[in-house]
>>> print(open('my_file-v1.pdb').read())   # PDB, C-alpha atoms (C1' of nucleotides) and all ligand atoms
ATOM      1  CA  MET A  19       0.219  29.170 -33.401
ATOM      2  CA  ARG A  20      -3.072  29.297 -35.206
ATOM      3  CA  GLN A  21      -3.715  25.819 -33.887
ATOM      4  CA  ASN A  22      -2.688  27.014 -30.483
ATOM      5  CA  THR A  23      -5.411  29.590 -30.363
ATOM      6  CA  LEU A  24      -7.991  26.890 -30.789
ATOM      7  CA  VAL A  25      -6.463  24.639 -28.175
ATOM      8  CA  ASP A  26      -5.988  27.538 -25.827
ATOM      9  CA  SER A  27      -9.639  28.355 -25.924
ATOM     10  CA  THR A  28     -10.489  24.766 -25.057
ATOM     11  CA  VAL A  29      -8.169  24.861 -22.096
ATOM     12  CA  MET A  30      -9.499  28.262 -21.154
ATOM     13  CA  GLU A  31     -13.018  26.901 -21.030
ATOM     14  CA  ARG A  32     -11.891  24.052 -18.854
ATOM     15  CA  LEU A  33     -10.337  26.412 -16.376
ATOM     16  CA  ARG A  34     -13.344  28.706 -16.325
ATOM     17  CA  ALA A  35     -15.681  25.740 -15.950
ATOM     18  CA  ALA A  36     -13.646  24.679 -12.939
ATOM     19  CA  GLY A  37     -13.865  28.144 -11.450
ATOM     20  CA  LEU A  38     -10.170  28.833 -11.875
ATOM     21  CA  ARG A  39      -9.036  32.079 -13.424
ATOM     22  CA  PRO A  40      -7.372  31.357 -16.718
ATOM     23  CA  THR A  41      -4.135  33.123 -16.023
ATOM     24  CA  ARG A  42      -1.182  33.035 -18.363
ATOM     25  CA  GLN A  43       0.611  30.506 -16.160
ATOM     26  CA  ARG A  44      -2.349  28.203 -15.676
ATOM     27  CA  LEU A  45      -3.152  28.277 -19.362
ATOM     28  CA  ALA A  46       0.382  27.348 -20.272
ATOM     29  CA  LEU A  47       0.584  24.563 -17.695
ATOM     30  CA  ALA A  48      -2.865  23.225 -18.528
ATOM     31  CA  GLN A  49      -1.883  23.223 -22.172
ATOM     32  CA  ILE A  50       1.145  21.084 -21.412
ATOM     33  CA  LEU A  51      -0.864  18.797 -19.164
ATOM     34  CA  PHE A  52      -4.072  18.394 -21.122
ATOM     35  CA  GLY A  53      -3.013  19.289 -24.645
ATOM     36  CA  GLN A  54      -1.968  15.742 -25.458
ATOM     37  CA  GLY A  55      -2.859  12.267 -24.248
ATOM     38  CA  ASP A  56      -2.812  11.155 -20.629
ATOM     39  CA  ARG A  57       0.277  12.089 -18.704
ATOM     40  CA  HIS A  58       2.030  11.498 -15.407
ATOM     41  CA  VAL A  59       4.170  14.373 -14.212
ATOM     42  CA  THR A  60       6.001  15.501 -11.135
ATOM     43  CA  ALA A  61       6.216  19.125 -10.089
ATOM     44  CA  GLU A  62       9.815  19.127 -11.190
ATOM     45  CA  SER A  63       9.216  17.473 -14.555
ATOM     46  CA  LEU A  64       6.406  19.874 -15.362
ATOM     47  CA  PHE A  65       8.508  22.824 -14.275
ATOM     48  CA  ASN A  66      11.332  21.690 -16.556
ATOM     49  CA  GLU A  67       9.015  21.078 -19.436
ATOM     50  CA  ALA A  68       7.632  24.578 -19.056
ATOM     51  CA  LYS A  69      11.115  26.048 -18.905
ATOM     52  CA  SER A  70      12.167  24.205 -22.051
ATOM     53  CA  GLN A  71       9.205  25.827 -23.781
ATOM     54  CA  ARG A  72      10.330  29.237 -22.571
ATOM     55  CA  ILE A  73       7.288  29.538 -20.364
ATOM     56  CA  ASP A  74       8.244  31.776 -17.531
ATOM     57  CA  VAL A  75       6.668  30.329 -14.430
ATOM     58  CA  SER A  76       7.926  29.810 -10.914
ATOM     59  CA  LEU A  77       8.168  26.453  -9.187
ATOM     60  CA  ALA A  78       5.760  27.643  -6.507
ATOM     61  CA  THR A  79       3.210  28.358  -9.205
ATOM     62  CA  VAL A  80       3.671  24.888 -10.634
ATOM     63  CA  TYR A  81       2.892  23.446  -7.207
ATOM     64  CA  ASN A  82      -0.051  25.794  -6.808
ATOM     65  CA  ALA A  83      -1.449  24.853 -10.194
ATOM     66  CA  LEU A  84      -1.003  21.121  -9.603
ATOM     67  CA  HIS A  85      -2.843  21.360  -6.322
ATOM     68  CA  ASP A  86      -5.527  23.670  -7.727
ATOM     69  CA  PHE A  87      -6.145  21.290 -10.633
ATOM     70  CA  THR A  88      -6.181  18.315  -8.280
ATOM     71  CA  GLY A  89      -8.688  20.101  -6.071
ATOM     72  CA  LYS A  90     -10.949  20.506  -9.097
ATOM     73  CA  ASP A  91     -10.558  16.860 -10.108
ATOM     74  CA  MET A  92      -8.652  17.691 -13.227
ATOM     75  CA  LEU A  93      -5.693  15.737 -11.875
ATOM     76  CA  ARG A  94      -5.207  13.012  -9.345
ATOM     77  CA  GLU A  95      -2.187  12.739  -7.090
ATOM     78  CA  ILE A  96      -0.313   9.459  -6.729
ATOM     79  CA  SER A  97       2.286   8.566  -4.107
ATOM     80  CA  ILE A  98       4.418   5.698  -5.175
ATOM     81  CA  ASP A  99       7.874   6.661  -4.419
ATOM     82  CA  SER A 100       8.802   8.599  -1.369
ATOM     83  CA  ASN A 101      10.951  10.956  -3.421
ATOM     84  CA  SER A 102       8.177  12.895  -5.064
ATOM     85  CA  SER A 103       4.492  12.975  -5.891
ATOM     86  CA  TYR A 104       3.106  12.192  -9.284
ATOM     87  CA  PHE A 105       0.125  13.941 -10.826
ATOM     88  CA  ASP A 106      -1.979  12.042 -13.304
ATOM     89  CA  THR A 107      -4.109  13.673 -15.972
ATOM     90  CA  ASN A 108      -6.213  10.537 -16.114
ATOM     91  CA  THR A 109      -8.656  10.936 -13.265
ATOM     92  CA  GLY A 110     -10.798   7.964 -14.224
ATOM     93  CA  ASP A 111     -10.707   4.578 -12.599
ATOM     94  CA  HIS A 112      -7.469   2.893 -13.625
ATOM     95  CA  HIS A 113      -4.245   1.391 -12.320
ATOM     96  CA  HIS A 114      -0.503   1.586 -12.916
ATOM     97  CA  PHE A 115       2.696  -0.071 -13.835
ATOM     98  CA  PHE A 116       5.581   1.589 -12.057
ATOM     99  CA  PHE A 117       8.974   1.155 -13.670
ATOM    100  CA  GLU A 118      11.375   1.190 -10.787
ATOM    101  CA  ARG A 119      14.457   2.074 -12.793
ATOM    102  CA  SER A 120      13.118   5.023 -14.704
ATOM    103  CA  GLY A 121      10.485   6.135 -12.235
ATOM    104  CA  LYS A 122       7.910   6.195 -15.039
ATOM    105  CA  LEU A 123       4.240   5.317 -14.689
ATOM    106  CA  GLN A 124       2.070   3.592 -17.264
ATOM    107  CA  ASP A 125      -1.689   3.322 -17.155
ATOM    108  CA  ILE A 126      -3.506   0.032 -16.876
ATOM    109  CA  PRO A 127      -7.142   0.389 -17.890
ATOM    110  CA  SER A 128      -9.371  -0.694 -15.073
ATOM    111  CA  GLU A 129     -10.925  -3.455 -17.224
ATOM    112  CA  HIS A 130      -7.521  -5.116 -17.426
ATOM    113  CA  ILE A 131      -7.468  -5.840 -13.738
ATOM    114  CA  ASN A 132     -10.272  -7.765 -12.280
ATOM    115  CA  ILE A 133     -10.500  -7.446  -8.553
ATOM    116  CA  ALA A 134     -12.804 -10.146  -7.396
ATOM    117  CA  SER A 135     -13.933 -10.035  -3.801
ATOM    118  CA  LEU A 136     -12.766  -6.898  -2.107
ATOM    119  CA  PRO A 137     -12.839  -7.342   1.646
ATOM    120  CA  GLU A 138     -15.610  -5.507   3.416
ATOM    121  CA  ALA A 139     -14.456  -2.068   4.469
ATOM    122  CA  PRO A 140     -14.059  -1.665   8.228
ATOM    123  CA  ALA A 141     -17.111  -0.368  10.069
ATOM    124  CA  GLY A 142     -18.034   3.163   9.097
ATOM    125  CA  ALA A 143     -15.344   3.426   6.479
ATOM    126  CA  GLN A 144     -16.044   4.543   2.960
ATOM    127  CA  ILE A 145     -13.686   3.556   0.214
ATOM    128  CA  SER A 146     -12.360   6.624  -1.475
ATOM    129  CA  ARG A 147     -10.107   4.892  -3.970
ATOM    130  CA  VAL A 148      -8.537   1.550  -4.793
ATOM    131  CA  ASP A 149      -5.048   1.718  -6.220
ATOM    132  CA  VAL A 150      -3.287  -1.198  -7.799
ATOM    133  CA  ILE A 151       0.363  -0.616  -8.481
ATOM    134  CA  ILE A 152       2.409  -3.201 -10.301
ATOM    135  CA  ARG A 153       6.059  -2.484  -9.725
ATOM    136  CA  VAL A 154       8.299  -3.770 -12.432
ATOM    137  CA  LYS A 155      12.050  -4.002 -12.520
ATOM    138  CA  ALA A 156      12.805  -2.483 -15.872
TER     139      ALA A 156
ATOM    140  CA  MET B  19      12.988  -8.796  32.379
ATOM    141  CA  ARG B  20      13.364 -12.531  32.725
ATOM    142  CA  GLN B  21      10.904 -12.901  29.872
ATOM    143  CA  ASN B  22      12.848 -10.277  28.015
ATOM    144  CA  THR B  23      15.956 -12.371  28.047
ATOM    145  CA  LEU B  24      14.185 -15.126  26.216
ATOM    146  CA  VAL B  25      12.686 -12.784  23.663
ATOM    147  CA  ASP B  26      15.952 -10.952  23.285
ATOM    148  CA  SER B  27      17.732 -14.111  22.389
ATOM    149  CA  THR B  28      15.163 -14.836  19.714
ATOM    150  CA  VAL B  29      15.647 -11.405  18.249
ATOM    151  CA  MET B  30      19.382 -11.792  18.585
ATOM    152  CA  GLU B  31      19.291 -14.969  16.543
ATOM    153  CA  ARG B  32      17.255 -13.237  13.893
ATOM    154  CA  LEU B  33      19.789 -10.479  13.597
ATOM    155  CA  ARG B  34      22.701 -12.869  13.507
ATOM    156  CA  ALA B  35      20.957 -15.034  10.945
ATOM    157  CA  ALA B  36      20.559 -11.946   8.785
ATOM    158  CA  GLY B  37      24.228 -11.104   9.157
ATOM    159  CA  LEU B  38      23.554  -7.982  11.190
ATOM    160  CA  ARG B  39      25.484  -7.388  14.364
ATOM    161  CA  PRO B  40      23.134  -7.526  17.307
ATOM    162  CA  THR B  41      23.956  -4.170  18.780
ATOM    163  CA  ARG B  42      22.115  -2.699  21.722
ATOM    164  CA  GLN B  43      20.186  -0.347  19.435
ATOM    165  CA  ARG B  44      19.233  -2.941  16.858
ATOM    166  CA  LEU B  45      18.148  -5.374  19.541
ATOM    167  CA  ALA B  46      15.919  -2.786  21.139
ATOM    168  CA  LEU B  47      14.389  -1.684  17.844
ATOM    169  CA  ALA B  48      13.949  -5.241  16.601
ATOM    170  CA  GLN B  49      12.275  -6.085  19.875
ATOM    171  CA  ILE B  50       9.767  -3.292  19.376
ATOM    172  CA  LEU B  51       9.210  -4.222  15.762
ATOM    173  CA  PHE B  52       9.088  -7.991  15.952
ATOM    174  CA  GLY B  53       8.216  -8.630  19.579
ATOM    175  CA  GLN B  54       4.505  -8.457  18.944
ATOM    176  CA  GLY B  55       2.175  -8.974  15.984
ATOM    177  CA  ASP B  56       2.566  -7.384  12.597
ATOM    178  CA  ARG B  57       3.183  -3.665  12.633
ATOM    179  CA  HIS B  58       3.382  -0.655  10.370
ATOM    180  CA  VAL B  59       5.699   2.081  11.566
ATOM    181  CA  THR B  60       7.280   5.250  10.306
ATOM    182  CA  ALA B  61      10.794   6.285  11.269
ATOM    183  CA  GLU B  62       9.300   8.927  13.495
ATOM    184  CA  SER B  63       6.753   6.652  15.177
ATOM    185  CA  LEU B  64       9.403   4.051  15.915
ATOM    186  CA  PHE B  65      11.758   6.712  17.212
ATOM    187  CA  ASN B  66       9.054   8.015  19.548
ATOM    188  CA  GLU B  67       8.133   4.560  20.706
ATOM    189  CA  ALA B  68      11.758   3.876  21.538
ATOM    190  CA  LYS B  69      12.052   7.156  23.404
ATOM    191  CA  SER B  70       8.942   6.419  25.434
ATOM    192  CA  GLN B  71      10.595   3.159  26.493
ATOM    193  CA  ARG B  72      13.693   5.073  27.546
ATOM    194  CA  ILE B  73      15.723   3.472  24.795
ATOM    195  CA  ASP B  74      18.487   5.854  23.927
ATOM    196  CA  VAL B  75      18.848   5.757  20.178
ATOM    197  CA  SER B  76      19.332   8.477  17.607
ATOM    198  CA  LEU B  77      16.966   9.156  14.743
ATOM    199  CA  ALA B  78      19.753   8.408  12.274
ATOM    200  CA  THR B  79      20.112   4.982  13.809
ATOM    201  CA  VAL B  80      16.395   4.375  13.485
ATOM    202  CA  TYR B  81      16.670   5.153   9.784
ATOM    203  CA  ASN B  82      19.751   2.985   9.486
ATOM    204  CA  ALA B  83      18.074   0.079  11.217
ATOM    205  CA  LEU B  84      14.885   0.363   9.163
ATOM    206  CA  HIS B  85      16.912   0.295   5.978
ATOM    207  CA  ASP B  86      19.189  -2.476   7.178
ATOM    208  CA  PHE B  87      16.203  -4.614   8.145
ATOM    209  CA  THR B  88      14.497  -3.848   4.856
ATOM    210  CA  GLY B  89      17.649  -4.860   2.997
ATOM    211  CA  LYS B  90      17.535  -8.214   4.763
ATOM    212  CA  ASP B  91      13.843  -8.696   4.005
ATOM    213  CA  MET B  92      12.828  -8.409   7.593
ATOM    214  CA  LEU B  93      10.734  -5.364   6.675
ATOM    215  CA  ARG B  94       9.162  -4.020   3.553
ATOM    216  CA  GLU B  95       8.869  -0.346   2.741
ATOM    217  CA  ILE B  96       5.566   1.148   1.596
ATOM    218  CA  SER B  97       4.999   4.567   0.025
ATOM    219  CA  ILE B  98       1.442   5.671   0.331
ATOM    220  CA  ASP B  99       1.548   9.151   1.475
ATOM    221  CA  SER B 100       4.115  11.592   0.292
ATOM    222  CA  ASN B 101       4.742  12.741   3.852
ATOM    223  CA  SER B 102       6.677   9.740   5.026
ATOM    224  CA  SER B 103       7.551   6.116   4.370
ATOM    225  CA  TYR B 104       5.984   3.241   6.204
ATOM    226  CA  PHE B 105       7.810   0.078   7.157
ATOM    227  CA  ASP B 106       5.846  -3.133   7.464
ATOM    228  CA  THR B 107       6.903  -6.106   9.578
ATOM    229  CA  ASN B 108       4.726  -8.317   7.417
ATOM    230  CA  THR B 109       6.900  -9.092   4.425
ATOM    231  CA  GLY B 110       4.595 -11.708   2.960
ATOM    232  CA  ASP B 111       2.204 -11.181   0.096
ATOM    233  CA  HIS B 112      -0.630  -9.001   1.332
ATOM    234  CA  HIS B 113      -2.418  -5.707   0.800
ATOM    235  CA  HIS B 114      -3.594  -2.692   2.753
ATOM    236  CA  PHE B 115      -6.363  -0.476   3.898
ATOM    237  CA  PHE B 116      -5.102   3.053   4.348
ATOM    238  CA  PHE B 117      -7.106   5.245   6.697
ATOM    239  CA  GLU B 118      -6.716   8.709   5.317
ATOM    240  CA  ARG B 119      -7.615  10.565   8.493
ATOM    241  CA  SER B 120      -5.347   8.764  10.896
ATOM    242  CA  GLY B 121      -2.646   7.719   8.459
ATOM    243  CA  LYS B 122      -2.874   4.157   9.759
ATOM    244  CA  LEU B 123      -2.419   1.009   7.710
ATOM    245  CA  GLN B 124      -4.259  -2.279   8.147
ATOM    246  CA  ASP B 125      -3.326  -5.546   6.525
ATOM    247  CA  ILE B 126      -5.547  -7.336   4.082
ATOM    248  CA  PRO B 127      -4.522 -10.982   3.686
ATOM    249  CA  SER B 128      -3.733 -11.694   0.093
ATOM    250  CA  GLU B 129      -6.493 -14.339  -0.076
ATOM    251  CA  HIS B 130      -9.040 -11.650   0.579
ATOM    252  CA  ILE B 131      -8.311  -9.937  -2.680
ATOM    253  CA  ASN B 132      -8.585 -11.896  -5.793
ATOM    254  CA  ILE B 133      -6.844 -10.300  -8.691
ATOM    255  CA  ALA B 134      -8.089 -12.034 -11.755
ATOM    256  CA  SER B 135      -6.288 -11.320 -15.000
ATOM    257  CA  LEU B 136      -3.266  -9.177 -14.418
ATOM    258  CA  PRO B 137      -2.208  -7.527 -17.650
ATOM    259  CA  GLU B 138       0.889  -8.940 -19.247
ATOM    260  CA  ALA B 139       3.957  -7.098 -18.042
ATOM    261  CA  PRO B 140       5.598  -4.930 -20.713
ATOM    262  CA  ALA B 141       8.330  -6.613 -22.746
ATOM    263  CA  GLY B 142      11.346  -7.508 -20.661
ATOM    264  CA  ALA B 143       9.770  -6.363 -17.426
ATOM    265  CA  GLN B 144       9.638  -8.524 -14.354
ATOM    266  CA  ILE B 145       7.035  -7.851 -11.750
ATOM    267  CA  SER B 146       8.681  -7.174  -8.446
ATOM    268  CA  ARG B 147       5.551  -6.553  -6.439
ATOM    269  CA  VAL B 148       1.846  -5.894  -6.742
ATOM    270  CA  ASP B 149       0.406  -3.494  -4.209
ATOM    271  CA  VAL B 150      -3.279  -2.996  -3.665
ATOM    272  CA  ILE B 151      -4.124  -0.051  -1.482
ATOM    273  CA  ILE B 152      -7.688   0.633  -0.493
ATOM    274  CA  ARG B 153      -7.929   4.175   0.752
ATOM    275  CA  VAL B 154     -10.747   4.759   3.139
ATOM    276  CA  LYS B 155     -12.107   7.989   4.517
ATOM    277  CA  ALA B 156     -12.212   7.224   8.177
TER     278      ALA B 156
ATOM    279  C1'  DA C  29      42.610 -11.014  27.978
ATOM    280  C1'  DA C  30      44.340  -7.608  25.100
ATOM    281  C1'  DG C  31      44.640  -5.732  20.701
ATOM    282  C1'  DA C  32      43.285  -5.149  16.092
ATOM    283  C1'  DT C  33      39.560  -4.610  12.668
ATOM    284  C1'  DA C  34      35.572  -3.652  10.668
ATOM    285  C1'  DG C  35      30.942  -2.419  11.413
ATOM    286  C1'  DT C  36      27.860   0.830  14.048
ATOM    287  C1'  DT C  37      26.174   4.912  16.255
ATOM    288  C1'  DT C  38      25.731   9.685  16.631
ATOM    289  C1'  DA C  39      25.296  14.875  16.446
ATOM    290  C1'  DG C  40      24.890  17.875  13.461
ATOM    291  C1'  DA C  41      25.275  19.485   8.760
ATOM    292  C1'  DA C  42      23.440  18.828   4.233
ATOM    293  C1'  DT C  43      19.936  17.810   0.797
ATOM    294  C1'  DA C  44      15.586  17.644  -1.469
ATOM    295  C1'  DA C  45      10.670  18.068  -1.896
ATOM    296  C1'  DT C  46       7.261  20.935  -0.646
ATOM    297  C1'  DT C  47       4.952  24.778   1.668
ATOM    298  C1'  DC C  48       4.727  29.383   3.401
ATOM    299  C1'  DT C  49       5.046  34.561   3.437
ATOM    300  C1'  DA C  50       4.110  38.854   2.017
ATOM    301  C1'  DA C  51       4.555  41.924  -1.565
ATOM    302  C1'  DA C  52       3.835  42.771  -6.528
ATOM    303  C1'  DC C  53       0.765  41.817 -10.109
ATOM    304  C1'  DA C  54      -3.217  40.436 -13.101
ATOM    305  C1'  DT C  55      -8.089  39.499 -13.812
ATOM    306  C1'  DG C  56     -12.845  40.358 -13.703
ATOM    307  C1'  DT C  57     -16.296  43.605 -12.150
ATOM    308  C1'  DT C  58     -18.522  47.891 -11.451
TER     309       DT C  58
ATOM    310  C1'  DA D  28     -10.651  53.701 -14.913
ATOM    311  C1'  DA D  29     -10.880  52.136 -10.239
ATOM    312  C1'  DC D  30     -11.582  48.427  -7.245
ATOM    313  C1'  DA D  31     -11.611  44.020  -5.140
ATOM    314  C1'  DT D  32     -10.027  39.698  -5.117
ATOM    315  C1'  DG D  33      -7.374  36.021  -6.781
ATOM    316  C1'  DT D  34      -2.656  34.774  -8.427
ATOM    317  C1'  DT D  35       2.265  34.809  -8.912
ATOM    318  C1'  DT D  36       6.729  35.098  -7.162
ATOM    319  C1'  DA D  37      11.359  35.140  -4.758
ATOM    320  C1'  DG D  38      13.074  33.620  -1.179
ATOM    321  C1'  DA D  39      12.656  31.895   3.458
ATOM    322  C1'  DA D  40      10.899  28.078   6.131
ATOM    323  C1'  DT D  41       9.642  23.406   7.025
ATOM    324  C1'  DT D  42       9.966  18.455   6.932
ATOM    325  C1'  DA D  43      11.586  13.980   5.823
ATOM    326  C1'  DT D  44      15.603  11.849   4.923
ATOM    327  C1'  DT D  45      20.555  11.227   4.010
ATOM    328  C1'  DC D  46      25.325  12.284   4.695
ATOM    329  C1'  DT D  47      29.781  13.088   7.242
ATOM    330  C1'  DA D  48      33.260  12.117  10.134
ATOM    331  C1'  DA D  49      34.473  11.113  14.586
ATOM    332  C1'  DA D  50      33.603   8.218  18.666
ATOM    333  C1'  DC D  51      32.273   3.703  19.929
ATOM    334  C1'  DT D  52      31.568  -1.441  20.153
ATOM    335  C1'  DA D  53      31.047  -6.281  18.628
ATOM    336  C1'  DT D  54      33.768  -9.781  17.038
ATOM    337  C1'  DC D  55      37.902 -11.821  15.583
ATOM    338  C1'  DT D  56      42.890 -12.733  16.295
ATOM    339  C1'  DT D  57      46.646 -13.457  18.970
TER     340       DT D  57
HETATM  341 MN    MN E 201       1.065  17.226  -2.071
HETATM  342 MN    MN E 202      11.505  14.600   1.227
HETATM  343 ZN    ZN E 203      -2.514   7.042 -14.714
HETATM  344 ZN    ZN E 204       1.127  -4.758   6.013
END
>>> encode(input="my_file-v1.pdb", output="structure tokens")
Amino acid sequence: MRQNTLVDSTVMERLRAAGLRPTRQRLALAQILFGQGDRHVTAESLFNEAKSQRIDVSLATVYNALHDFTGKDMLREISIDSNSSYFDTNTGDHHHFFFERSGKLQDIPSEHINIASLPEAPAGAQISRVDVIIRVKA
Amino acid sequence: MRQNTLVDSTVMERLRAAGLRPTRQRLALAQILFGQGDRHVTAESLFNEAKSQRIDVSLATVYNALHDFTGKDMLREISIDSNSSYFDTNTGDHHHFFFERSGKLQDIPSEHINIASLPEAPAGAQISRVDVIIRVKA
DNA sequence: AAGATAGTTTAGAATAATTCTAAACATGTT
DNA sequence: AACATGTTTAGAATTATTCTAAACTATCTT
């Protein structure tokens, strides 16, 4: 709890810096998301994690927060599986293993994949992102 | 119509070869899907295309057919956008441009992307597919 | 050519992820 | 404290997709 105060203030600064009001709900969710290493969550998984920590937050707020954070580049959204969207706390350039059985994602640092010779983008098209997804049966 | 008979029989053979009964609906849908070059469709787009050709088929049947064809490796399913699944008539090894505005996909032959040094797959994991998606703002 | 059999199609209901609505509430400002 | 604006929420709505069970049809058997 003493530790928490410190961490909370870090998260609070991040929210303020992004221009998002540091509400109780956002602080709690941001703490879960950014308080540890890189993570990949779904709205549902984050909602459940919050519930298990007795954080009282609605599912709609979880969606709102995920989209707000994504809009401020604190998260990136990934569509891999048509069942649900993933949100990634690692917004840097990197790629993913996708474990088809468990539905889990694992980062691949961008240096570990060397994409030689990208094709030229079609006329007047700017590349906004290159995603490499390695699906593994496991 | 005379031409159609020829093409129909080709499609019919494909369905039979796959062990799928060549029903009126599957023949019509397969004709739309495989009768021209490579295509990327959604359930909805295929359903609309069928309707515009006065082919009387239900949406459930479109979904059934897409999944049946995918199960027989006549199509591959791609999740790019959380709104809906795409089905690709090109089942070979290749990659995609994804045009964010229009939601359209464009093939990139696999020779055009050179992936040097894939990371080793995690212990006991077999790679089932590697997808490269280049999202472009256009 | 019937008849039997198993696979297919269909309308509509059901499900699941996500978004919307509008009212209550909290935060930051004056 | 009062105000303005942003946020949260329950529950309804929306959308993509799947399910159900009954009608239908392709194919096999006789
Ligand atoms: Mn989304
Ligand atoms: Mn869905
Ligand atoms: Zn990641
Ligand atoms: Zn393709």
>>> interface_residues(input="my_file-v1.pdb", of="chain D", to="chain B", cutoff="12 Å", atoms="only C-alpha atoms (C1' of nucleotides)", output="PyMOL selection string")
chain D and resi 42-46+51-54
>>> resolve_selection(input="my_file-v1.pdb", expression="the PyMOL selection byres ((chain B) within 12 of (chain A))", output="JSON, numbers by chain")
{"B": [95, 96, 97, 98, 99, 100, 101, 102, 103, 104, 113, 114, 115, 116, 117, 118, 119, 123, 124, 125, 126, 127, 128, 129, 130, 131, 132, 133, 134, 135, 136, 137, 138, 139, 140, 141, 142, 143, 144, 145, 146, 147, 148, 149, 150, 151, 152, 153, 154, 155, 156]}
>>> residues_around(input="my_file-v1.pdb", residues="Ser76 (chain B)", least_positions_apart="2", cutoff="8 Å", atoms="all atoms listed in the file", output="JSON, numbers by chain")
{"B": [65, 74, 78, 79, 80], "C": [37, 38]}
>>> closest_residue(input="my_file-v1.pdb", among="A:Val59, A:Leu84, A:Ala68, A:Leu33", to="ligand ZN 203 (chain E)", atoms="all atoms listed in the file")
A:Val59
>>> residues_around(input="my_file-v1.pdb", residues="Ile73 (chain B)", least_positions_apart="6", cutoff="10 Å", atoms="all atoms listed in the file", output="list in words")
Arg42, Gln43, Ala46, Leu47, Phe65, Asn66 and Glu67 of chain B
>>> resolve_selection(input="my_file-v1.pdb", expression="the PyMOL selection byres ((chain C) within 10 of (chain A))", output="PyMOL selection string")
chain C and resi 44-47+54-56
>>> closest_residue(input="my_file-v1.pdb", among="A:Met30, A:Ala83, A:Leu38, A:Leu51", to="ligand MN 201 (chain E)", atoms="only C-alpha atoms and all ligand atoms")
A:Ala83
>>> resolve_selection(input="my_file-v1.pdb", expression="the PyMOL selection byres (((chain C and resi 30) around 12) and not hetatm)", output="number ranges by chain")
C: 29, 31-32; D: 56-57
>>> closest_residue(input="my_file-v1.pdb", among="B:Gln71, B:Leu64, B:Asp91, B:Asp56", to="ligand ZN 204 (chain E)", atoms="all atoms listed in the file")
B:Asp56
>>> atom_distance(input="my_file-v1.pdb", atom1="C1' of DC53 (chain C)", atom2="C1' of DT36 (chain D)")
9.5 Å
>>> closest_residue(input="my_file-v1.pdb", among="A:Ser70, A:Asn108, A:Ser120, A:Thr60", to="ligand MN 201 (chain E)", atoms="all atoms listed in the file")
A:Thr60
>>> axis_aligned_box(input="my_file-v1.pdb", around="region 52-64 of chain A", padding_each_side="6 Å", output="JSON")
{"center_x": 2.9, "center_y": 15.5, "center_z": -17.8, "size_x": 25.9, "size_y": 20.7, "size_z": 27.4}
>>> atom_distance(input="my_file-v1.pdb", atom1="atom ZN of ligand ZN 204 (chain E)", atom2="CA of Asp86 (chain B)")
18.2 Å
>>> atom_distance(input="my_file-v1.pdb", atom1="C1' of DT33 (chain C)", atom2="CA of His85 (chain B)")
24.1 Å
